[in-house]
>>> print(open('query34.txt').read())   # compact mmCIF, N, CA and C atoms
# COMPACT_ATOMS: atom_id res chain seq x y z
N MET A 30 -128.71 -100.07 -6.66
CA MET A 30 -127.40 -99.94 -6.02
C MET A 30 -126.36 -100.63 -6.89
N LYS A 31 -125.35 -99.89 -7.31
CA LYS A 31 -124.26 -100.42 -8.12
C LYS A 31 -123.02 -100.50 -7.24
N THR A 32 -122.33 -101.63 -7.31
CA THR A 32 -121.12 -101.80 -6.51
C THR A 32 -119.88 -101.72 -7.39
N LEU A 33 -118.73 -101.57 -6.77
CA LEU A 33 -117.47 -101.50 -7.50
C LEU A 33 -117.21 -102.78 -8.29
N ARG A 34 -117.71 -103.88 -7.82
CA ARG A 34 -117.51 -105.17 -8.52
C ARG A 34 -118.18 -105.17 -9.89
N GLU A 35 -119.26 -104.40 -10.06
CA GLU A 35 -120.03 -104.38 -11.30
C GLU A 35 -119.49 -103.39 -12.33
N VAL A 36 -118.52 -102.57 -11.95
CA VAL A 36 -117.98 -101.55 -12.84
C VAL A 36 -117.08 -102.21 -13.88
N LYS A 37 -117.20 -101.76 -15.13
CA LYS A 37 -116.41 -102.32 -16.22
C LYS A 37 -115.03 -101.67 -16.27
N VAL A 38 -114.07 -102.37 -16.88
CA VAL A 38 -112.71 -101.87 -17.04
C VAL A 38 -112.74 -100.58 -17.87
N GLY A 39 -111.99 -99.58 -17.41
CA GLY A 39 -111.92 -98.30 -18.12
C GLY A 39 -112.89 -97.25 -17.62
N GLU A 40 -113.77 -97.61 -16.72
CA GLU A 40 -114.75 -96.65 -16.18
C GLU A 40 -114.23 -95.99 -14.91
N THR A 41 -114.65 -94.74 -14.73
CA THR A 41 -114.35 -94.02 -13.49
C THR A 41 -115.67 -93.80 -12.76
N VAL A 42 -115.69 -94.13 -11.49
CA VAL A 42 -116.90 -93.99 -10.68
C VAL A 42 -116.58 -93.24 -9.39
N LYS A 43 -117.63 -92.80 -8.72
CA LYS A 43 -117.48 -92.07 -7.45
C LYS A 43 -118.09 -92.91 -6.33
N VAL A 44 -117.38 -93.02 -5.23
CA VAL A 44 -117.86 -93.80 -4.09
C VAL A 44 -118.99 -93.05 -3.39
N VAL A 45 -120.12 -93.75 -3.19
CA VAL A 45 -121.28 -93.16 -2.53
C VAL A 45 -121.35 -93.58 -1.06
N LYS A 46 -121.10 -94.89 -0.82
CA LYS A 46 -121.25 -95.42 0.54
C LYS A 46 -120.42 -96.68 0.70
N LEU A 47 -119.92 -96.89 1.91
CA LEU A 47 -119.21 -98.12 2.25
C LEU A 47 -120.11 -98.97 3.13
N HIS A 48 -120.29 -100.22 2.73
CA HIS A 48 -121.06 -101.16 3.54
C HIS A 48 -120.07 -102.01 4.33
N GLY A 49 -120.57 -102.85 5.18
CA GLY A 49 -119.67 -103.67 5.99
C GLY A 49 -119.53 -103.07 7.38
N GLU A 50 -118.88 -103.81 8.25
CA GLU A 50 -118.76 -103.37 9.64
C GLU A 50 -117.36 -103.57 10.18
N GLY A 51 -117.05 -102.82 11.19
CA GLY A 51 -115.83 -103.01 11.97
C GLY A 51 -114.54 -102.99 11.18
N ALA A 52 -113.74 -104.04 11.37
CA ALA A 52 -112.39 -104.10 10.81
C ALA A 52 -112.39 -104.11 9.28
N VAL A 53 -113.39 -104.72 8.68
CA VAL A 53 -113.45 -104.78 7.22
C VAL A 53 -113.64 -103.37 6.64
N LYS A 54 -114.59 -102.64 7.18
CA LYS A 54 -114.85 -101.27 6.73
C LYS A 54 -113.63 -100.39 6.99
N ARG A 55 -113.02 -100.55 8.13
CA ARG A 55 -111.83 -99.76 8.49
C ARG A 55 -110.68 -100.03 7.51
N ARG A 56 -110.49 -101.29 7.13
CA ARG A 56 -109.42 -101.66 6.20
C ARG A 56 -109.64 -101.01 4.84
N ILE A 57 -110.89 -101.01 4.36
CA ILE A 57 -111.21 -100.38 3.08
C ILE A 57 -110.93 -98.88 3.15
N MET A 58 -111.29 -98.25 4.25
CA MET A 58 -111.04 -96.82 4.42
C MET A 58 -109.54 -96.53 4.52
N ASP A 59 -108.79 -97.40 5.16
CA ASP A 59 -107.34 -97.23 5.27
C ASP A 59 -106.65 -97.33 3.91
N MET A 60 -107.26 -98.02 2.97
CA MET A 60 -106.70 -98.13 1.62
C MET A 60 -106.95 -96.86 0.81
N GLY A 61 -107.71 -95.92 1.36
CA GLY A 61 -107.97 -94.66 0.67
C GLY A 61 -109.32 -94.59 0.00
N ILE A 62 -110.12 -95.62 0.15
CA ILE A 62 -111.45 -95.62 -0.46
C ILE A 62 -112.44 -95.09 0.56
N THR A 63 -112.82 -93.84 0.39
CA THR A 63 -113.77 -93.19 1.29
C THR A 63 -114.88 -92.55 0.47
N LYS A 64 -115.92 -92.11 1.12
CA LYS A 64 -117.06 -91.50 0.46
C LYS A 64 -116.61 -90.27 -0.35
N GLY A 65 -117.04 -90.21 -1.60
CA GLY A 65 -116.75 -89.06 -2.45
C GLY A 65 -115.51 -89.19 -3.31
N VAL A 66 -114.66 -90.19 -3.08
CA VAL A 66 -113.42 -90.34 -3.86
C VAL A 66 -113.73 -91.00 -5.20
N GLU A 67 -112.99 -90.61 -6.24
CA GLU A 67 -113.16 -91.21 -7.56
C GLU A 67 -112.24 -92.42 -7.71
N VAL A 68 -112.77 -93.48 -8.31
CA VAL A 68 -112.04 -94.73 -8.49
C VAL A 68 -112.09 -95.09 -9.98
N PHE A 69 -110.91 -95.34 -10.57
CA PHE A 69 -110.80 -95.75 -11.97
C PHE A 69 -110.44 -97.24 -12.00
N VAL A 70 -111.23 -98.04 -12.70
CA VAL A 70 -110.97 -99.48 -12.79
C VAL A 70 -109.99 -99.71 -13.93
N ARG A 71 -108.75 -100.12 -13.59
CA ARG A 71 -107.68 -100.33 -14.57
C ARG A 71 -107.78 -101.67 -15.27
N LYS A 72 -107.82 -102.74 -14.50
CA LYS A 72 -107.91 -104.05 -15.12
C LYS A 72 -108.50 -105.08 -14.17
N LEU A 73 -108.83 -106.21 -14.77
CA LEU A 73 -109.46 -107.30 -14.04
C LEU A 73 -108.59 -108.54 -14.27
N ALA A 74 -108.32 -109.28 -13.22
CA ALA A 74 -107.53 -110.51 -13.35
C ALA A 74 -108.28 -111.50 -14.26
N PRO A 75 -107.56 -112.42 -14.90
CA PRO A 75 -108.19 -113.37 -15.82
C PRO A 75 -109.38 -114.13 -15.23
N LEU A 76 -109.30 -114.50 -13.98
CA LEU A 76 -110.43 -115.21 -13.36
C LEU A 76 -111.35 -114.25 -12.59
N GLY A 77 -111.11 -112.95 -12.71
CA GLY A 77 -112.01 -111.95 -12.13
C GLY A 77 -111.65 -111.49 -10.73
N ASP A 78 -110.65 -112.08 -10.13
CA ASP A 78 -110.30 -111.68 -8.76
C ASP A 78 -108.78 -111.62 -8.63
N PRO A 79 -108.14 -110.55 -8.30
CA PRO A 79 -108.69 -109.28 -7.82
C PRO A 79 -108.96 -108.28 -8.95
N ILE A 80 -109.46 -107.12 -8.54
CA ILE A 80 -109.73 -106.00 -9.44
C ILE A 80 -108.65 -104.96 -9.17
N GLU A 81 -108.02 -104.45 -10.22
CA GLU A 81 -106.99 -103.42 -10.03
C GLU A 81 -107.59 -102.06 -10.34
N VAL A 82 -107.45 -101.13 -9.39
CA VAL A 82 -108.03 -99.79 -9.52
C VAL A 82 -106.99 -98.71 -9.23
N ASN A 83 -107.25 -97.52 -9.71
CA ASN A 83 -106.47 -96.34 -9.34
C ASN A 83 -107.34 -95.51 -8.43
N VAL A 84 -106.80 -95.18 -7.26
CA VAL A 84 -107.52 -94.35 -6.31
C VAL A 84 -106.51 -93.43 -5.64
N ARG A 85 -106.81 -92.14 -5.61
CA ARG A 85 -105.92 -91.13 -5.02
C ARG A 85 -104.50 -91.22 -5.58
N ASN A 86 -104.38 -91.37 -6.89
CA ASN A 86 -103.10 -91.41 -7.61
C ASN A 86 -102.20 -92.59 -7.25
N TYR A 87 -102.76 -93.70 -6.83
CA TYR A 87 -101.96 -94.91 -6.66
C TYR A 87 -102.77 -96.13 -7.08
N GLU A 88 -102.06 -97.21 -7.38
CA GLU A 88 -102.70 -98.44 -7.84
C GLU A 88 -103.01 -99.33 -6.64
N LEU A 89 -104.17 -99.96 -6.72
CA LEU A 89 -104.63 -100.79 -5.62
C LEU A 89 -105.32 -102.02 -6.19
N SER A 90 -105.02 -103.17 -5.65
CA SER A 90 -105.73 -104.40 -6.01
C SER A 90 -106.68 -104.73 -4.88
N ILE A 91 -107.93 -104.98 -5.24
CA ILE A 91 -108.96 -105.24 -4.23
C ILE A 91 -109.72 -106.51 -4.59
N ARG A 92 -110.04 -107.29 -3.58
CA ARG A 92 -110.78 -108.53 -3.80
C ARG A 92 -112.23 -108.24 -4.18
N LYS A 93 -112.84 -109.19 -4.90
CA LYS A 93 -114.24 -109.03 -5.29
C LYS A 93 -115.15 -108.90 -4.08
N ALA A 94 -114.86 -109.65 -3.05
CA ALA A 94 -115.68 -109.61 -1.83
C ALA A 94 -115.67 -108.20 -1.21
N ASP A 95 -114.51 -107.56 -1.23
CA ASP A 95 -114.41 -106.20 -0.70
C ASP A 95 -115.05 -105.20 -1.66
N ALA A 96 -114.90 -105.43 -2.97
CA ALA A 96 -115.48 -104.53 -3.97
C ALA A 96 -117.01 -104.50 -3.87
N GLU A 97 -117.61 -105.61 -3.45
CA GLU A 97 -119.06 -105.67 -3.29
C GLU A 97 -119.57 -104.76 -2.18
N MET A 98 -118.69 -104.41 -1.25
CA MET A 98 -119.08 -103.57 -0.12
C MET A 98 -118.99 -102.07 -0.44
N ILE A 99 -118.53 -101.74 -1.64
CA ILE A 99 -118.33 -100.33 -2.01
C ILE A 99 -119.41 -99.94 -3.02
N GLU A 100 -120.34 -99.10 -2.57
CA GLU A 100 -121.43 -98.62 -3.43
C GLU A 100 -120.93 -97.41 -4.21
N VAL A 101 -121.17 -97.42 -5.54
CA VAL A 101 -120.67 -96.35 -6.41
C VAL A 101 -121.79 -95.79 -7.28
N GLU A 102 -121.48 -94.65 -7.91
CA GLU A 102 -122.42 -94.07 -8.87
C GLU A 102 -121.68 -93.68 -10.14
>>> encode(input="query34.txt", output="structure tokens")
Amino acid sequence: MKTLREVKVGETVKVVKLHGEGAVKRRIMDMGITKGVEVFVRKLAPLGDPIEVNVRNYELSIRKADAEMIEVE
């Protein structure tokens, strides 16, 4: 299982599954990250948190803790 947190800068991946429960999962889905969507990792903050990604033609910064809940391929 590979998560969004493990993806290197410049890679494009596809979301396979969202882990987590309740409000956390809902918040991730509200940001546009759903099963089957492609995510491009733009850059990583100097200390590694947050991760900046492009999803559905917009830029999004996501925390490492949330990125761990997103399974990708």
>>> atom_distance(input="query34.txt", atom1="atom C of A:Gly77", atom2="atom N of A:Ile91")
9.3 Å
>>> select_by_dssp(input="query34.txt", residues="chain A", states="strand (DSSP E)", output="list in words")
Lys31, Thr32, Thr41, Val42, Lys43, Val44, Val45, Lys46, Leu47, Glu67, Val68, Phe69, Val70, Arg71, Lys72, Leu73, Ile80, Glu81, Val82, Asn83, Val84, Tyr87, Glu88, Leu89, Ser90, Ile91, Ile99, Glu100 and Val101 of chain A
>>> write_last_selection(input="query34.txt", atoms="N, CA and C atoms", output="mmCIF file, in the frame of the given file")
data_model
loop_
_atom_site.group_PDB
_atom_site.id
_atom_site.type_symbol
_atom_site.label_atom_id
_atom_site.label_comp_id
_atom_site.auth_asym_id
_atom_site.auth_seq_id
_atom_site.Cartn_x
_atom_site.Cartn_y
_atom_site.Cartn_z
ATOM 1 N N LYS A 31 -125.350 -99.890 -7.310
ATOM 2 C CA LYS A 31 -124.260 -100.420 -8.120
ATOM 3 C C LYS A 31 -123.020 -100.500 -7.240
ATOM 4 N N THR A 32 -122.330 -101.630 -7.310
ATOM 5 C CA THR A 32 -121.120 -101.800 -6.510
ATOM 6 C C THR A 32 -119.880 -101.720 -7.390
ATOM 7 N N THR A 41 -114.650 -94.740 -14.730
ATOM 8 C CA THR A 41 -114.350 -94.020 -13.490
ATOM 9 C C THR A 41 -115.670 -93.800 -12.760
ATOM 10 N N VAL A 42 -115.690 -94.130 -11.490
ATOM 11 C CA VAL A 42 -116.900 -93.990 -10.680
ATOM 12 C C VAL A 42 -116.580 -93.240 -9.390
ATOM 13 N N LYS A 43 -117.630 -92.800 -8.720
ATOM 14 C CA LYS A 43 -117.480 -92.070 -7.450
ATOM 15 C C LYS A 43 -118.090 -92.910 -6.330
ATOM 16 N N VAL A 44 -117.380 -93.020 -5.230
ATOM 17 C CA VAL A 44 -117.860 -93.800 -4.090
ATOM 18 C C VAL A 44 -118.990 -93.050 -3.390
ATOM 19 N N VAL A 45 -120.120 -93.750 -3.190
ATOM 20 C CA VAL A 45 -121.280 -93.160 -2.530
ATOM 21 C C VAL A 45 -121.350 -93.580 -1.060
ATOM 22 N N LYS A 46 -121.100 -94.890 -0.820
ATOM 23 C CA LYS A 46 -121.250 -95.420 0.540
ATOM 24 C C LYS A 46 -120.420 -96.680 0.700
ATOM 25 N N LEU A 47 -119.920 -96.890 1.910
ATOM 26 C CA LEU A 47 -119.210 -98.120 2.250
ATOM 27 C C LEU A 47 -120.110 -98.970 3.130
ATOM 28 N N GLU A 67 -112.990 -90.610 -6.240
ATOM 29 C CA GLU A 67 -113.160 -91.210 -7.560
ATOM 30 C C GLU A 67 -112.240 -92.420 -7.710
ATOM 31 N N VAL A 68 -112.770 -93.480 -8.310
ATOM 32 C CA VAL A 68 -112.040 -94.730 -8.490
ATOM 33 C C VAL A 68 -112.090 -95.090 -9.980
ATOM 34 N N PHE A 69 -110.910 -95.340 -10.570
ATOM 35 C CA PHE A 69 -110.800 -95.750 -11.970
ATOM 36 C C PHE A 69 -110.440 -97.240 -12.000
ATOM 37 N N VAL A 70 -111.230 -98.040 -12.700
ATOM 38 C CA VAL A 70 -110.970 -99.480 -12.790
ATOM 39 C C VAL A 70 -109.990 -99.710 -13.930
ATOM 40 N N ARG A 71 -108.750 -100.120 -13.590
ATOM 41 C CA ARG A 71 -107.680 -100.330 -14.570
ATOM 42 C C ARG A 71 -107.780 -101.670 -15.270
ATOM 43 N N LYS A 72 -107.820 -102.740 -14.500
ATOM 44 C CA LYS A 72 -107.910 -104.050 -15.120
ATOM 45 C C LYS A 72 -108.500 -105.080 -14.170
ATOM 46 N N LEU A 73 -108.830 -106.210 -14.770
ATOM 47 C CA LEU A 73 -109.460 -107.300 -14.040
ATOM 48 C C LEU A 73 -108.590 -108.540 -14.270
ATOM 49 N N ILE A 80 -109.460 -107.120 -8.540
ATOM 50 C CA ILE A 80 -109.730 -106.000 -9.440
ATOM 51 C C ILE A 80 -108.650 -104.960 -9.170
ATOM 52 N N GLU A 81 -108.020 -104.450 -10.220
ATOM 53 C CA GLU A 81 -106.990 -103.420 -10.030
ATOM 54 C C GLU A 81 -107.590 -102.060 -10.340
ATOM 55 N N VAL A 82 -107.450 -101.130 -9.390
ATOM 56 C CA VAL A 82 -108.030 -99.790 -9.520
ATOM 57 C C VAL A 82 -106.990 -98.710 -9.230
ATOM 58 N N ASN A 83 -107.250 -97.520 -9.710
ATOM 59 C CA ASN A 83 -106.470 -96.340 -9.340
ATOM 60 C C ASN A 83 -107.340 -95.510 -8.430
ATOM 61 N N VAL A 84 -106.800 -95.180 -7.260
ATOM 62 C CA VAL A 84 -107.520 -94.350 -6.310
ATOM 63 C C VAL A 84 -106.510 -93.430 -5.640
ATOM 64 N N TYR A 87 -102.760 -93.700 -6.830
ATOM 65 C CA TYR A 87 -101.960 -94.910 -6.660
ATOM 66 C C TYR A 87 -102.770 -96.130 -7.080
ATOM 67 N N GLU A 88 -102.060 -97.210 -7.380
ATOM 68 C CA GLU A 88 -102.700 -98.440 -7.840
ATOM 69 C C GLU A 88 -103.010 -99.330 -6.640
ATOM 70 N N LEU A 89 -104.170 -99.960 -6.720
ATOM 71 C CA LEU A 89 -104.630 -100.790 -5.620
ATOM 72 C C LEU A 89 -105.320 -102.020 -6.190
ATOM 73 N N SER A 90 -105.020 -103.170 -5.650
ATOM 74 C CA SER A 90 -105.730 -104.400 -6.010
ATOM 75 C C SER A 90 -106.680 -104.730 -4.880
ATOM 76 N N ILE A 91 -107.930 -104.980 -5.240
ATOM 77 C CA ILE A 91 -108.960 -105.240 -4.230
ATOM 78 C C ILE A 91 -109.720 -106.510 -4.590
ATOM 79 N N ILE A 99 -118.530 -101.740 -1.640
ATOM 80 C CA ILE A 99 -118.330 -100.330 -2.010
ATOM 81 C C ILE A 99 -119.410 -99.940 -3.020
ATOM 82 N N GLU A 100 -120.340 -99.100 -2.570
ATOM 83 C CA GLU A 100 -121.430 -98.620 -3.430
ATOM 84 C C GLU A 100 -120.930 -97.410 -4.210
ATOM 85 N N VAL A 101 -121.170 -97.420 -5.540
ATOM 86 C CA VAL A 101 -120.670 -96.350 -6.410
ATOM 87 C C VAL A 101 -121.790 -95.790 -7.280
#
>>> residues_around(input="query34.txt", residues="stretch 45-55 of chain A", least_positions_apart="2", cutoff="7 Å", atoms="only C-alpha atoms", output="list in words")
Lys43, Ile57, Met58, Asp59, Lys64, Gly65, Met98, Ile99, Glu100, Val101 and Glu102 of chain A
>>> atom_distance(input="query34.txt", atom1="atom CA of A:Asn83", atom2="atom N of A:Met30")
22.7 Å
>>> axis_aligned_box(input="query34.txt", around="stretch 83-89 of chain A", padding_each_side="6 Å", output="AutoDock Vina command-line options")
--center_x -104.7 --center_y -96.6 --center_z -7.4 --size_x 17.6 --size_y 22.9 --size_z 16.7
>>> atom_distance(input="query34.txt", atom1="atom CA of A:Arg56", atom2="atom CA of A:Glu35")
20.6 Å
>>> select_by_dssp(input="query34.txt", residues="chain A", states="helix (DSSP H, G or I)", output="PyMOL selection string")
chain A and resi 33-35+51-59+93-96
>>> residues_around(input="query34.txt", residues="A:Pro79", least_positions_apart="3", cutoff="8 Å", atoms="all atoms listed in the file", output="number ranges by chain")
A: 72-76, 82, 89-94
>>> residues_around(input="query34.txt", residues="A:Val66", least_positions_apart="5", cutoff="8 Å", atoms="only N, CA and C atoms", output="list in words")
Val42, Lys43, Val44, Val45, Gly61, Val84 and Arg85 of chain A
>>> write_last_selection(input="query34.txt", atoms="N, CA and C atoms", output="JSON list (two decimals), in the coordinates of the input")
[["chain", "number", "residue", "atom", "x", "y", "z"],
["A", 42, "VAL", "N", -115.69, -94.13, -11.49],
["A", 42, "VAL", "CA", -116.90, -93.99, -10.68],
["A", 42, "VAL", "C", -116.58, -93.24, -9.39],
["A", 43, "LYS", "N", -117.63, -92.80, -8.72],
["A", 43, "LYS", "CA", -117.48, -92.07, -7.45],
["A", 43, "LYS", "C", -118.09, -92.91, -6.33],
["A", 44, "VAL", "N", -117.38, -93.02, -5.23],
["A", 44, "VAL", "CA", -117.86, -93.80, -4.09],
["A", 44, "VAL", "C", -118.99, -93.05, -3.39],
["A", 45, "VAL", "N", -120.12, -93.75, -3.19],
["A", 45, "VAL", "CA", -121.28, -93.16, -2.53],
["A", 45, "VAL", "C", -121.35, -93.58, -1.06],
["A", 61, "GLY", "N", -107.71, -95.92, 1.36],
["A", 61, "GLY", "CA", -107.97, -94.66, 0.67],
["A", 61, "GLY", "C", -109.32, -94.59, 0.00],
["A", 84, "VAL", "N", -106.80, -95.18, -7.26],
["A", 84, "VAL", "CA", -107.52, -94.35, -6.31],
["A", 84, "VAL", "C", -106.51, -93.43, -5.64],
["A", 85, "ARG", "N", -106.81, -92.14, -5.61],
["A", 85, "ARG", "CA", -105.92, -91.13, -5.02],
["A", 85, "ARG", "C", -104.50, -91.22, -5.58]]
>>> build_atoms(input="query34.txt", residues="stretch 52-63 of chain A", atoms="all heavy atoms", output="compact mmCIF listing (two decimals), keeping the file's coordinate frame")
# COMPACT_ATOMS: atom_id res chain seq x y z
N ALA A 52 -113.74 -104.04 11.37
CA ALA A 52 -112.39 -104.10 10.81
C ALA A 52 -112.39 -104.11 9.28
O ALA A 52 -111.50 -103.54 8.66
CB ALA A 52 -111.68 -105.35 11.33
N VAL A 53 -113.39 -104.72 8.68
CA VAL A 53 -113.45 -104.78 7.22
C VAL A 53 -113.64 -103.37 6.64
O VAL A 53 -112.92 -102.96 5.74
CB VAL A 53 -114.60 -105.71 6.75
CG1 VAL A 53 -114.72 -105.69 5.25
CG2 VAL A 53 -114.37 -107.12 7.25
N LYS A 54 -114.59 -102.64 7.18
CA LYS A 54 -114.85 -101.27 6.73
C LYS A 54 -113.63 -100.39 6.99
O LYS A 54 -113.24 -99.58 6.15
CB LYS A 54 -116.09 -100.71 7.43
CG LYS A 54 -116.51 -99.36 6.92
CD LYS A 54 -117.82 -98.94 7.55
CE LYS A 54 -118.27 -97.59 7.03
NZ LYS A 54 -119.55 -97.19 7.61
N ARG A 55 -113.02 -100.55 8.13
CA ARG A 55 -111.83 -99.76 8.49
C ARG A 55 -110.68 -100.03 7.51
O ARG A 55 -109.97 -99.11 7.11
CB ARG A 55 -111.40 -100.13 9.92
CG ARG A 55 -110.20 -99.41 10.43
CD ARG A 55 -110.60 -98.06 10.99
NE ARG A 55 -109.90 -97.04 10.24
CZ ARG A 55 -110.28 -95.78 10.15
NH1 ARG A 55 -111.36 -95.37 10.75
NH2 ARG A 55 -109.60 -94.92 9.47
N ARG A 56 -110.49 -101.29 7.13
CA ARG A 56 -109.42 -101.66 6.20
C ARG A 56 -109.64 -101.01 4.84
O ARG A 56 -108.71 -100.50 4.22
CB ARG A 56 -109.34 -103.18 6.06
CG ARG A 56 -108.18 -103.64 5.22
CD ARG A 56 -107.95 -105.14 5.35
NE ARG A 56 -109.16 -105.93 5.31
CZ ARG A 56 -109.73 -106.37 4.18
NH1 ARG A 56 -109.21 -106.09 3.02
NH2 ARG A 56 -110.83 -107.10 4.24
N ILE A 57 -110.89 -101.01 4.36
CA ILE A 57 -111.21 -100.38 3.08
C ILE A 57 -110.93 -98.88 3.15
O ILE A 57 -110.34 -98.30 2.24
CB ILE A 57 -112.68 -100.66 2.69
CG1 ILE A 57 -112.86 -102.14 2.37
CG2 ILE A 57 -113.10 -99.81 1.50
CD1 ILE A 57 -114.30 -102.58 2.19
N MET A 58 -111.29 -98.25 4.25
CA MET A 58 -111.04 -96.82 4.42
C MET A 58 -109.54 -96.53 4.52
O MET A 58 -109.06 -95.53 3.98
CB MET A 58 -111.78 -96.29 5.65
CG MET A 58 -113.28 -96.29 5.48
SD MET A 58 -114.17 -95.83 6.96
CE MET A 58 -113.78 -94.10 7.07
N ASP A 59 -108.79 -97.40 5.16
CA ASP A 59 -107.34 -97.23 5.27
C ASP A 59 -106.65 -97.33 3.91
O ASP A 59 -105.57 -96.76 3.73
CB ASP A 59 -106.74 -98.27 6.22
CG ASP A 59 -107.08 -98.00 7.68
OD1 ASP A 59 -107.51 -96.86 7.98
OD2 ASP A 59 -106.92 -98.91 8.51
N MET A 60 -107.26 -98.02 2.97
CA MET A 60 -106.70 -98.13 1.62
C MET A 60 -106.95 -96.86 0.81
O MET A 60 -106.49 -96.75 -0.32
CB MET A 60 -107.28 -99.33 0.89
CG MET A 60 -106.78 -100.65 1.42
SD MET A 60 -107.29 -102.05 0.41
CE MET A 60 -108.94 -102.34 1.00
N GLY A 61 -107.71 -95.92 1.36
CA GLY A 61 -107.97 -94.66 0.67
C GLY A 61 -109.32 -94.59 0.00
O GLY A 61 -109.64 -93.61 -0.66
N ILE A 62 -110.12 -95.62 0.15
CA ILE A 62 -111.45 -95.62 -0.46
C ILE A 62 -112.44 -95.09 0.56
O ILE A 62 -112.82 -95.80 1.49
CB ILE A 62 -111.83 -97.03 -0.95
CG1 ILE A 62 -110.81 -97.51 -1.98
CG2 ILE A 62 -113.23 -97.05 -1.53
CD1 ILE A 62 -110.97 -98.93 -2.43
N THR A 63 -112.82 -93.84 0.39
CA THR A 63 -113.77 -93.19 1.29
C THR A 63 -114.88 -92.55 0.47
O THR A 63 -114.77 -92.43 -0.76
CB THR A 63 -113.07 -92.11 2.14
OG1 THR A 63 -112.42 -91.19 1.27
CG2 THR A 63 -112.04 -92.72 3.09
